[in-house]
>>> print(open('final_38.txt').read())   # compact mmCIF, C-alpha atoms
# COMPACT_ATOMS: atom_id res chain seq x y z
CA MET T 244 -16.19 -50.71 -14.18
CA THR T 245 -16.42 -47.68 -11.95
CA LYS T 246 -16.89 -44.31 -13.51
CA THR T 247 -14.25 -41.77 -12.55
CA SER T 248 -15.74 -38.76 -10.77
CA PRO T 249 -15.18 -35.44 -12.54
CA ALA T 250 -12.55 -33.19 -11.03
CA PRO T 251 -13.98 -30.51 -8.73
CA VAL T 252 -14.31 -27.01 -10.18
CA LEU T 253 -12.48 -24.14 -8.53
CA SER T 254 -13.86 -20.66 -9.09
CA ALA T 255 -11.61 -17.73 -9.90
CA ARG T 256 -12.16 -16.51 -6.34
CA ALA T 257 -11.19 -19.89 -4.86
CA LEU T 258 -8.05 -19.92 -7.03
CA ASN T 259 -7.32 -16.38 -5.91
CA ARG T 260 -7.41 -17.29 -2.23
CA ALA T 261 -5.34 -20.45 -2.71
CA THR T 262 -2.66 -18.58 -4.61
CA LEU T 263 -2.61 -15.61 -2.23
CA ASP T 264 -2.16 -17.98 0.70
CA ARG T 265 0.87 -19.61 -0.91
CA GLN T 266 2.22 -16.22 -1.95
CA LEU T 267 2.12 -15.09 1.71
CA LEU T 268 -0.43 -12.42 0.83
CA LEU T 269 -3.42 -13.48 2.92
CA ARG T 270 -1.44 -12.80 6.07
CA ARG T 271 2.14 -11.78 6.60
CA ALA T 272 4.46 -14.68 7.36
CA ALA T 273 7.02 -14.93 10.14
CA LEU T 274 9.81 -16.02 7.80
CA SER T 275 13.31 -14.77 7.24
CA ALA T 276 13.93 -12.94 3.97
CA THR T 277 16.06 -15.81 2.67
CA ASP T 278 13.45 -18.44 3.56
CA ALA T 279 10.76 -16.38 1.85
CA VAL T 280 12.87 -16.02 -1.31
CA GLU T 281 13.32 -19.80 -1.30
CA HIS T 282 9.62 -20.53 -0.72
CA LEU T 283 8.59 -18.16 -3.52
CA VAL T 284 11.20 -19.74 -5.85
CA GLY T 285 12.71 -16.32 -6.42
CA LEU T 286 11.53 -12.73 -6.74
CA GLN T 287 11.33 -10.67 -9.90
CA ALA T 288 14.21 -8.20 -9.79
CA GLN T 289 14.26 -6.34 -13.10
CA ASN T 290 14.73 -3.22 -10.99
CA VAL T 291 16.57 -2.94 -7.68
CA LYS T 292 13.70 -2.15 -5.30
CA PRO T 293 10.93 -4.64 -6.27
CA PRO T 294 12.25 -7.54 -4.15
CA TYR T 295 12.15 -5.29 -1.09
CA TYR T 296 8.58 -4.14 -1.78
CA ALA T 297 7.57 -7.74 -2.50
CA LEU T 298 8.83 -8.91 0.89
CA ALA T 299 7.44 -5.90 2.75
CA ALA T 300 3.99 -6.97 1.51
CA ARG T 301 4.53 -10.57 2.58
CA LEU T 302 6.61 -10.74 5.77
CA GLU T 303 5.91 -9.78 9.35
CA GLY T 304 8.60 -7.50 10.75
CA PHE T 305 10.50 -7.28 7.47
CA ASP T 306 13.63 -5.13 7.56
CA PRO T 307 15.13 -4.30 4.14
CA GLU T 308 18.60 -4.52 5.63
CA GLU T 309 17.99 -8.25 6.19
CA LEU T 310 17.69 -8.98 2.47
CA SER T 311 20.52 -6.56 1.75
CA ALA T 312 22.77 -8.35 4.25
CA ALA T 313 21.91 -11.70 2.67
CA MET T 314 23.01 -10.31 -0.68
CA GLY T 315 26.22 -9.02 0.84
CA ALA T 316 26.87 -12.44 2.37
CA ARG T 317 26.19 -14.07 -1.04
CA GLU T 318 23.28 -16.06 0.38
CA VAL T 319 21.04 -14.58 -2.32
CA VAL T 320 21.99 -13.31 -5.77
CA ARG T 321 20.58 -11.49 -8.80
CA ILE T 322 20.68 -13.56 -11.99
CA VAL T 323 18.76 -14.10 -15.23
CA THR T 324 16.62 -17.23 -14.91
CA MET T 325 12.91 -17.69 -15.65
CA ARG T 326 11.50 -15.94 -18.71
CA SER T 327 14.96 -14.49 -19.39
CA THR T 328 14.41 -11.94 -16.63
CA ILE T 329 16.48 -11.03 -13.59
CA HIS T 330 15.41 -12.74 -10.39
CA THR T 331 16.64 -12.64 -6.84
CA HIS T 332 17.34 -16.26 -5.84
CA THR T 333 18.95 -18.07 -2.98
CA ALA T 334 22.46 -19.29 -3.77
CA ASP T 335 21.24 -22.90 -3.93
CA ASP T 336 18.43 -22.03 -6.34
CA CYS T 337 20.78 -19.98 -8.47
CA LEU T 338 22.98 -23.04 -8.96
CA THR T 339 20.09 -25.36 -9.85
CA LEU T 340 17.39 -23.24 -11.52
CA ARG T 341 19.74 -21.60 -14.00
CA PRO T 342 20.82 -25.00 -15.40
CA LEU T 343 17.13 -25.99 -15.54
CA VAL T 344 16.31 -23.08 -17.87
CA GLN T 345 19.62 -23.12 -19.75
CA ALA T 346 18.10 -24.74 -22.84
CA ALA T 347 15.65 -21.83 -23.08
CA ARG T 348 18.53 -19.36 -22.84
CA GLU T 349 20.27 -21.19 -25.68
CA ARG T 350 17.12 -20.94 -27.83
CA GLU T 351 17.00 -17.22 -27.10
CA LEU T 352 20.17 -16.81 -29.14
CA TYR T 353 18.30 -17.85 -32.29
CA GLY T 354 16.83 -14.35 -32.48
CA PHE T 355 20.36 -12.89 -32.59
CA ARG T 356 21.84 -15.33 -35.10
CA LYS T 357 22.36 -12.70 -37.83
CA GLY T 358 24.58 -10.68 -35.52
CA LEU T 359 26.64 -13.75 -34.58
CA VAL T 360 27.64 -14.97 -38.03
CA GLY T 361 31.20 -16.28 -37.84
CA VAL T 362 31.25 -16.23 -34.04
CA ASP T 363 32.45 -19.40 -32.33
CA LEU T 364 30.08 -19.53 -29.38
CA ASP T 365 32.22 -21.95 -27.41
CA ARG T 366 35.19 -19.63 -27.76
CA LEU T 367 33.02 -16.64 -26.86
CA THR T 368 31.89 -18.47 -23.73
CA ALA T 369 35.46 -19.28 -22.70
CA ILE T 370 36.69 -15.73 -23.28
CA SER T 371 33.73 -14.24 -21.43
CA ARG T 372 34.23 -16.55 -18.47
CA GLU T 373 37.93 -15.66 -18.26
CA LEU T 374 37.15 -11.94 -18.40
CA VAL T 375 34.41 -11.82 -15.75
CA GLU T 376 36.19 -14.20 -13.41
CA ALA T 377 39.38 -12.11 -13.57
CA GLU T 378 37.28 -9.20 -12.32
CA PRO T 379 33.57 -8.28 -12.54
CA ARG T 380 32.77 -6.57 -15.82
CA THR T 381 29.99 -4.33 -17.03
CA MET T 382 28.16 -5.36 -20.18
CA LYS T 383 29.84 -2.46 -21.97
CA GLN T 384 33.27 -3.74 -20.98
CA LEU T 385 32.34 -7.26 -22.01
CA ARG T 386 31.03 -6.09 -25.39
CA GLU T 387 34.19 -4.09 -26.10
CA ALA T 388 36.43 -7.05 -25.28
CA LEU T 389 34.39 -9.41 -27.44
CA LEU T 390 34.32 -6.93 -30.33
CA ALA T 391 38.10 -7.03 -30.36
CA GLU T 392 37.78 -10.75 -31.21
CA TRP T 393 34.82 -10.41 -33.61
CA PRO T 394 34.79 -6.82 -34.96
CA ASP T 395 32.15 -7.59 -37.59
CA ALA T 396 29.63 -9.04 -35.13
CA ASP T 397 26.71 -7.13 -33.66
CA PRO T 398 27.81 -5.77 -30.25
CA LEU T 399 24.43 -6.40 -28.61
CA ALA T 400 24.34 -9.96 -29.92
CA LEU T 401 27.78 -10.62 -28.45
CA SER T 402 26.74 -9.47 -24.97
CA VAL T 403 23.45 -11.37 -25.16
CA ALA T 404 25.38 -14.50 -26.14
CA ALA T 405 27.62 -14.14 -23.09
CA ARG T 406 24.61 -13.64 -20.82
CA CYS T 407 22.79 -16.61 -22.30
CA ARG T 408 25.76 -18.95 -22.34
CA LEU T 409 27.02 -18.15 -18.84
CA PRO T 410 25.23 -17.94 -15.45
CA LEU T 411 26.17 -14.31 -14.82
CA VAL T 412 25.28 -12.79 -11.46
CA GLN T 413 25.21 -9.11 -10.61
CA VAL T 414 27.82 -8.49 -7.93
CA THR T 415 27.15 -6.29 -4.92
CA PRO T 416 26.66 -3.47 -4.07
CA ARG T 417 24.16 -3.66 -6.95
CA GLY T 418 20.81 -4.65 -5.47
CA MET T 419 21.63 -3.76 -1.87
CA TRP T 420 19.23 -1.50 0.05
CA GLY T 421 20.26 2.13 0.12
CA ARG T 422 23.40 1.42 -1.91
CA SER T 423 24.14 2.26 -5.50
CA GLY T 424 26.25 0.51 -8.05
CA GLN T 425 26.27 -0.17 -11.75
CA VAL T 426 25.62 -3.65 -13.05
CA ALA T 427 28.88 -5.61 -12.92
CA LEU T 428 28.92 -9.32 -13.65
CA THR T 429 30.79 -12.46 -12.82
CA THR T 430 29.86 -16.13 -12.98
CA ALA T 431 27.70 -17.74 -10.32
CA GLU T 432 30.39 -20.36 -9.73
CA HIS T 433 33.06 -17.72 -9.11
CA TRP T 434 30.84 -15.53 -6.91
CA LEU T 435 29.52 -18.40 -4.80
CA GLY T 436 32.70 -20.47 -4.72
CA ARG T 437 31.09 -23.70 -5.88
CA PRO T 438 30.02 -25.22 -9.19
CA THR T 439 26.56 -25.12 -10.69
CA GLU T 440 24.63 -28.36 -10.54
CA PRO T 441 23.88 -30.50 -13.60
CA ALA T 442 20.58 -29.59 -15.20
CA PRO T 443 17.99 -31.27 -12.96
CA ALA T 444 14.81 -33.01 -13.98
CA PRO T 445 11.99 -30.48 -13.60
CA ASP T 446 9.98 -32.65 -11.19
CA ASP T 447 11.09 -30.94 -7.98
CA THR T 448 10.65 -27.49 -9.50
CA VAL T 449 7.10 -28.38 -10.59
CA LEU T 450 6.27 -29.33 -7.00
CA ARG T 451 7.81 -26.12 -5.68
CA TYR T 452 5.93 -24.08 -8.27
CA LEU T 453 2.64 -25.62 -7.17
CA ALA T 454 3.51 -24.93 -3.53
CA ALA T 455 4.04 -21.24 -4.34
CA PHE T 456 1.59 -20.61 -7.21
CA GLY T 457 -0.88 -23.50 -7.40
CA PRO T 458 -3.34 -24.88 -8.20
CA ALA T 459 -2.07 -24.51 -11.75
CA SER T 460 -2.19 -25.90 -15.25
CA VAL T 461 0.70 -27.16 -17.32
CA LYS T 462 0.56 -23.93 -19.33
CA ASP T 463 0.68 -21.91 -16.13
CA MET T 464 3.92 -23.58 -15.10
CA GLN T 465 5.36 -23.16 -18.57
CA THR T 466 4.50 -19.45 -18.51
CA TRP T 467 6.24 -19.01 -15.16
CA ALA T 468 9.38 -20.91 -16.11
CA GLY T 469 9.62 -19.86 -19.74
CA LEU T 470 9.90 -23.56 -20.63
CA THR T 471 7.92 -25.82 -22.94
CA ARG T 472 6.99 -29.50 -23.06
CA LEU T 473 6.31 -29.95 -19.36
CA ARG T 474 3.20 -32.09 -19.90
CA GLU T 475 5.28 -35.26 -19.57
CA THR T 476 6.58 -34.14 -16.17
CA PHE T 477 3.08 -33.43 -14.87
CA GLU T 478 1.90 -36.82 -16.11
CA ARG T 479 4.81 -38.49 -14.35
CA LEU T 480 3.86 -36.68 -11.14
CA ARG T 481 0.11 -37.22 -11.51
CA PRO T 482 -0.04 -40.09 -8.96
CA GLU T 483 1.37 -37.69 -6.33
CA LEU T 484 -1.00 -34.84 -7.19
CA ILE T 485 -4.69 -34.05 -7.15
CA THR T 486 -6.57 -32.32 -9.94
CA PHE T 487 -9.27 -29.70 -10.32
CA ARG T 488 -10.85 -27.80 -13.18
CA ASP T 489 -11.20 -24.06 -13.49
CA GLU T 490 -14.44 -22.45 -14.65
CA ASN T 491 -13.34 -22.86 -18.28
CA GLY T 492 -12.68 -26.57 -17.88
CA VAL T 493 -8.87 -26.33 -17.83
CA GLU T 494 -7.21 -29.06 -15.76
CA LEU T 495 -5.36 -27.79 -12.72
CA PHE T 496 -2.81 -29.77 -10.71
CA ASP T 497 -2.08 -29.33 -7.03
CA LEU T 498 -0.31 -30.78 -4.02
CA PRO T 499 -2.71 -32.81 -1.89
CA ASP T 500 -1.87 -31.02 1.36
CA ALA T 501 -1.50 -27.49 -0.02
CA PRO T 502 -3.76 -24.80 1.46
CA ARG T 503 -6.99 -24.06 -0.39
CA PRO T 504 -8.85 -21.56 1.81
CA ASP T 505 -12.53 -20.87 1.51
CA ALA T 506 -13.30 -18.48 -1.34
CA ASP T 507 -14.77 -16.00 1.15
CA THR T 508 -11.62 -15.81 3.28
CA PRO T 509 -10.78 -12.10 3.80
CA ALA T 510 -7.85 -10.81 1.74
CA PRO T 511 -6.30 -7.57 3.02
CA PRO T 512 -5.09 -4.94 0.54
CA ARG T 513 -1.50 -5.19 -0.62
CA LEU T 514 0.81 -2.83 -2.48
CA LEU T 515 2.97 -4.89 -4.82
CA PRO T 516 5.98 -3.84 -6.89
CA GLU T 517 6.17 -3.73 -10.64
CA PHE T 518 6.70 -7.15 -12.23
CA ASP T 519 5.61 -9.02 -9.09
CA ASN T 520 5.55 -12.73 -9.90
CA LEU T 521 1.99 -13.03 -8.60
CA LEU T 522 0.83 -11.30 -11.79
CA LEU T 523 3.29 -12.98 -14.19
CA SER T 524 3.27 -16.65 -13.31
CA HIS T 525 0.09 -18.03 -14.87
CA ALA T 526 -1.06 -18.34 -18.46
CA ASP T 527 -4.53 -17.39 -17.22
CA ARG T 528 -4.18 -14.43 -14.86
CA SER T 529 -7.90 -14.07 -14.13
CA ARG T 530 -7.33 -15.48 -10.63
CA VAL T 531 -5.83 -12.06 -9.81
CA VAL T 532 -6.68 -9.77 -12.73
CA PRO T 533 -10.41 -9.28 -13.41
CA ALA T 534 -11.34 -9.20 -17.10
CA GLU T 535 -12.31 -5.52 -16.92
CA ASN T 536 -8.84 -4.60 -15.62
CA LYS T 537 -6.78 -6.75 -17.97
CA GLY T 538 -3.82 -4.85 -19.39
CA ARG T 539 -4.33 -1.79 -17.24
CA HIS T 540 -1.19 -2.38 -15.17
CA TRP T 541 1.04 -2.36 -18.27
CA GLN T 542 2.08 0.25 -20.78
CA GLY T 543 4.28 -1.04 -23.56
CA ASN T 544 6.99 -3.11 -21.88
CA GLN T 545 6.67 -1.27 -18.57
CA ALA T 546 4.69 -2.63 -15.65
CA TYR T 547 3.21 -0.42 -12.95
CA ARG T 548 3.23 -1.10 -9.23
CA THR T 549 -0.09 -2.73 -8.43
CA LEU T 550 -2.76 -2.50 -5.75
CA LEU T 551 -4.71 -5.57 -4.64
CA VAL T 552 -8.03 -5.07 -2.88
CA ASP T 553 -10.01 -8.12 -1.79
CA GLY T 554 -7.29 -10.16 -3.50
CA PHE T 555 -7.78 -8.72 -6.99
CA LEU T 556 -6.10 -6.02 -9.06
CA ARG T 557 -7.91 -2.74 -8.39
CA GLY T 558 -5.37 -0.05 -9.21
CA ILE T 559 -1.78 1.04 -9.60
CA TRP T 560 0.45 3.18 -7.39
CA GLN T 561 3.60 5.20 -7.45
CA LEU T 562 5.94 6.68 -4.87
CA GLU T 563 7.72 10.01 -5.06
CA GLU T 564 10.23 10.39 -2.29
CA SER T 565 12.67 12.97 -0.99
CA ARG T 566 14.52 13.17 2.29
CA ASP T 567 11.71 15.20 3.85
CA ARG T 568 8.55 13.83 2.28
CA ALA T 569 7.12 10.71 0.66
CA VAL T 570 4.01 10.88 -1.53
CA VAL T 571 2.12 7.73 -2.44
CA THR T 572 -0.36 8.24 -5.28
CA ILE T 573 -2.89 5.45 -5.81
CA GLU T 574 -4.78 5.43 -9.11
CA LEU T 575 -7.97 3.40 -8.78
CA PHE T 576 -9.59 1.45 -11.59
CA ASP T 577 -12.93 1.63 -9.79
CA PRO T 578 -14.14 3.27 -6.55
CA LEU T 579 -13.44 1.76 -3.13
CA THR T 580 -15.83 1.55 -0.22
CA GLY T 581 -15.02 3.68 2.78
CA ARG T 582 -13.70 0.65 4.65
CA GLU T 583 -11.56 -0.48 1.72
CA ARG T 584 -10.09 2.99 1.40
CA ASP T 585 -9.17 3.09 5.10
CA GLU T 586 -7.53 -0.33 4.81
CA VAL T 587 -5.51 0.77 1.76
CA VAL T 588 -4.32 3.86 3.62
CA ALA T 589 -3.26 1.70 6.58
CA GLU T 590 -1.36 -0.64 4.23
CA ALA T 591 0.37 2.28 2.53
CA GLU T 592 1.36 3.69 5.91
CA ARG T 593 2.78 0.32 6.90
CA MET T 594 4.77 0.07 3.69
CA LEU T 595 6.21 3.54 4.23
CA SER T 596 7.12 2.74 7.82
CA VAL T 597 9.23 -0.16 6.57
CA LEU T 598 10.73 1.19 3.37
CA SER T 599 10.83 4.98 3.63
CA THR T 600 13.01 7.26 5.75
CA ALA T 601 11.12 10.44 4.85
CA ALA T 602 10.14 12.62 7.78
CA SER T 603 6.52 12.96 6.61
CA TYR T 604 4.22 11.43 4.05
CA ASP T 605 1.08 12.00 2.05
CA ILE T 606 -1.22 9.32 0.60
CA ARG T 607 -3.32 10.47 -2.32
CA PHE T 608 -6.06 8.83 -4.37
CA ASP T 609 -6.77 9.47 -8.01
CA THR T 610 -8.77 7.85 -10.79
CA PHE T 611 -6.84 5.80 -13.32
CA VAL T 612 -6.97 7.34 -16.80
CA ARG T 613 -5.64 5.33 -19.72
CA THR T 614 -3.25 7.41 -21.84
>>> encode(input="final_38.txt", output="structure tokens")
Amino acid sequence: MTKTSPAPVLSARALNRATLDRQLLLRRAALSATDAVEHLVGLQAQNVKPPYYALAARLEGFDPEELSAAMGAREVVRIVTMRSTIHTHTADDCLTLRPLVQAARERELYGFRKGLVGVDLDRLTAISRELVEAEPRTMKQLREALLAEWPDADPLALSVAARCRLPLVQVTPRGMWGRSGQVALTTAEHWLGRPTEPAPAPDDTVLRYLAAFGPASVKDMQTWAGLTRLRETFERLRPELITFRDENGVELFDLPDAPRPDADTPAPPRLLPEFDNLLLSHADRSRVVPAENKGRHWQGNQAYRTLLVDGFLRGIWQLEESRDRAVVTIELFDPLTGRERDEVVAEAERMLSVLSTAASYDIRFDTFVRT
């Protein structure tokens, strides 16, 4: 018998560089906005601007009008998918990933069961579909229509049931750069003019997750997707994958040919939006968030925009903007070297050159103070 060699150990820094490379954060990529959204398996889009900031940090020559035009052409859409949060997805991913996580959306309704007593969910689904496909509806309009059918139900529970049961996309101009618009919804099938796909086996999505976020554990993938019981899928794919261990002994899976740069590879500073998937897609976030900074980029349910220096979370930032002036304020968790500070300023200037139309700007540094 031959003894199996132990899986190699990857340090937090090695994991950091591997993940940054796949997240297009070691160097900006020459990809179209749509191709980048596909590669990253979607962008967090709880707010309107984060997808634009996410791509400005990742793409060479990014123009926000490119993503906006793709939304207008219905090549990308805003829809609730992973972790029950709004993501910007390509049309193809919208039609396949939403069915993949549909079971999780169904389970979400369990928390609203008291407000849905006596409600026929199949009938609610049919009525909601008819309403939003006749014309896009706001959640308020949908709630009011459903309350006419079930006046004793909880209004919030009714709208949540519609959102969970149906693949509802936010129609444009919502989400377009420089445009405003309230959230109005219709079904993905109606908006895209083709049916959703049957719920796929998760195998392909696991491989895509590893390509964008790996190396990763089963729990990491489950955290990203908001799904459970994926161990069987990883075991089925094991012959196609290679394995490592992190410094705590957790097994990590990866694609054999995926990039794993040297741990000392330089990582330029990046200004990321709130809720960027880089910081939300692993059960163990220490590959990006040092222990001493854990929890500092959150307050309650609100996430701050984050600053990466040398690949790791080092601060938060905010932007105040008027027609005449833009002010970027960077709150540091710990001091920067003179070189790091200059590089952060250059990155902030680059971000403003892409995403701001203000005539002048100011970049300020402050020390983070927990409130």
>>> atom_distance(input="final_38.txt", atom1="CA of Leu389 in chain T", atom2="CA of Ala405 in chain T")
9.3 Å
>>> closest_atom_pairs(input="final_38.txt", of="range 439-458 of chain T", to="range 491-496 of chain T", cutoff="8 Å", atoms="only C-alpha atoms", output="tab-separated table")
residue	atom	partner	partner_atom	distance
T:Leu453	CA	T:Phe496	CA	7.7
T:Gly457	CA	T:Phe496	CA	7.3
T:Pro458	CA	T:Phe496	CA	5.5
>>> residues_around(input="final_38.txt", residues="Arg366 in chain T", least_positions_apart="2", cutoff="12 Å", atoms="all atoms listed in the file", output="number ranges by chain")
T: 361-364, 368-373, 389, 392-393, 401, 404-405, 408
>>> atom_distance(input="final_38.txt", atom1="CA of Val597 in chain T", atom2="CA of Gly304 in chain T")
8.5 Å
>>> closest_atom_pairs(input="final_38.txt", of="range 469-527 of chain T", to="range 258-273 of chain T", cutoff="9 Å", atoms="only C-alpha atoms", output="CSV")
residue,atom,partner,partner_atom,distance
T:Asp489,CA,T:Leu258,CA,8.3
T:Ala501,CA,T:Arg265,CA,8.3
T:Pro502,CA,T:Ala261,CA,6.2
T:Arg503,CA,T:Ala261,CA,4.6
T:Pro504,CA,T:Ala261,CA,5.8
T:Asp505,CA,T:Arg260,CA,7.3
T:Ala506,CA,T:Arg260,CA,6.1
T:Asp507,CA,T:Arg260,CA,8.2
T:Thr508,CA,T:Arg260,CA,7.1
T:Pro509,CA,T:Leu269,CA,7.5
T:Ala510,CA,T:Leu269,CA,5.3
T:Pro511,CA,T:Leu269,CA,6.6
T:Pro512,CA,T:Leu268,CA,8.8
T:Arg513,CA,T:Leu268,CA,7.5
T:Leu521,CA,T:Gln266,CA,7.4
>>> build_atoms(input="final_38.txt", residues="range 460-472 of chain T", atoms="N, CA, C and O atoms", output="JSON list (two decimals), in the coordinates of the input")
[["chain", "number", "residue", "atom", "x", "y", "z"],
["T", 460, "SER", "N", -2.21, -25.05, -14.07],
["T", 460, "SER", "CA", -2.19, -25.90, -15.25],
["T", 460, "SER", "C", -0.77, -26.08, -15.75],
["T", 460, "SER", "O", 0.16, -25.39, -15.30],
["T", 461, "VAL", "N", -0.60, -26.98, -16.69],
["T", 461, "VAL", "CA", 0.70, -27.16, -17.32],
["T", 461, "VAL", "C", 1.14, -25.85, -17.98],
["T", 461, "VAL", "O", 2.30, -25.43, -17.85],
["T", 462, "LYS", "N", 0.22, -25.19, -18.67],
["T", 462, "LYS", "CA", 0.56, -23.93, -19.33],
["T", 462, "LYS", "C", 0.94, -22.85, -18.33],
["T", 462, "LYS", "O", 1.79, -22.00, -18.61],
["T", 463, "ASP", "N", 0.30, -22.86, -17.17],
["T", 463, "ASP", "CA", 0.68, -21.91, -16.13],
["T", 463, "ASP", "C", 2.15, -22.07, -15.75],
["T", 463, "ASP", "O", 2.91, -21.10, -15.70],
["T", 464, "MET", "N", 2.53, -23.30, -15.48],
["T", 464, "MET", "CA", 3.92, -23.58, -15.10],
["T", 464, "MET", "C", 4.88, -23.20, -16.22],
["T", 464, "MET", "O", 5.95, -22.62, -15.98],
["T", 465, "GLN", "N", 4.50, -23.49, -17.45],
["T", 465, "GLN", "CA", 5.36, -23.16, -18.57],
["T", 465, "GLN", "C", 5.51, -21.65, -18.72],
["T", 465, "GLN", "O", 6.58, -21.15, -19.07],
["T", 466, "THR", "N", 4.44, -20.91, -18.46],
["T", 466, "THR", "CA", 4.50, -19.45, -18.51],
["T", 466, "THR", "C", 5.45, -18.92, -17.45],
["T", 466, "THR", "O", 6.28, -18.04, -17.71],
["T", 467, "TRP", "N", 5.36, -19.46, -16.25],
["T", 467, "TRP", "CA", 6.24, -19.01, -15.16],
["T", 467, "TRP", "C", 7.71, -19.29, -15.46],
["T", 467, "TRP", "O", 8.57, -18.43, -15.27],
["T", 468, "ALA", "N", 7.99, -20.49, -15.92],
["T", 468, "ALA", "CA", 9.38, -20.91, -16.11],
["T", 468, "ALA", "C", 9.97, -20.46, -17.43],
["T", 468, "ALA", "O", 11.19, -20.40, -17.58],
["T", 469, "GLY", "N", 9.11, -20.14, -18.41],
["T", 469, "GLY", "CA", 9.62, -19.86, -19.74],
["T", 469, "GLY", "C", 10.10, -21.11, -20.44],
["T", 469, "GLY", "O", 10.97, -21.06, -21.31],
["T", 470, "LEU", "N", 9.54, -22.27, -20.05],
["T", 470, "LEU", "CA", 9.90, -23.56, -20.63],
["T", 470, "LEU", "C", 8.72, -24.13, -21.40],
["T", 470, "LEU", "O", 7.59, -23.66, -21.25],
["T", 471, "THR", "N", 8.98, -25.13, -22.20],
["T", 471, "THR", "CA", 7.92, -25.82, -22.94],
["T", 471, "THR", "C", 8.01, -27.32, -22.65],
["T", 471, "THR", "O", 8.93, -27.79, -21.99],
["T", 472, "ARG", "N", 7.00, -28.04, -23.10],
["T", 472, "ARG", "CA", 6.99, -29.50, -23.06],
["T", 472, "ARG", "C", 7.08, -30.06, -21.64],
["T", 472, "ARG", "O", 7.81, -31.01, -21.37]]
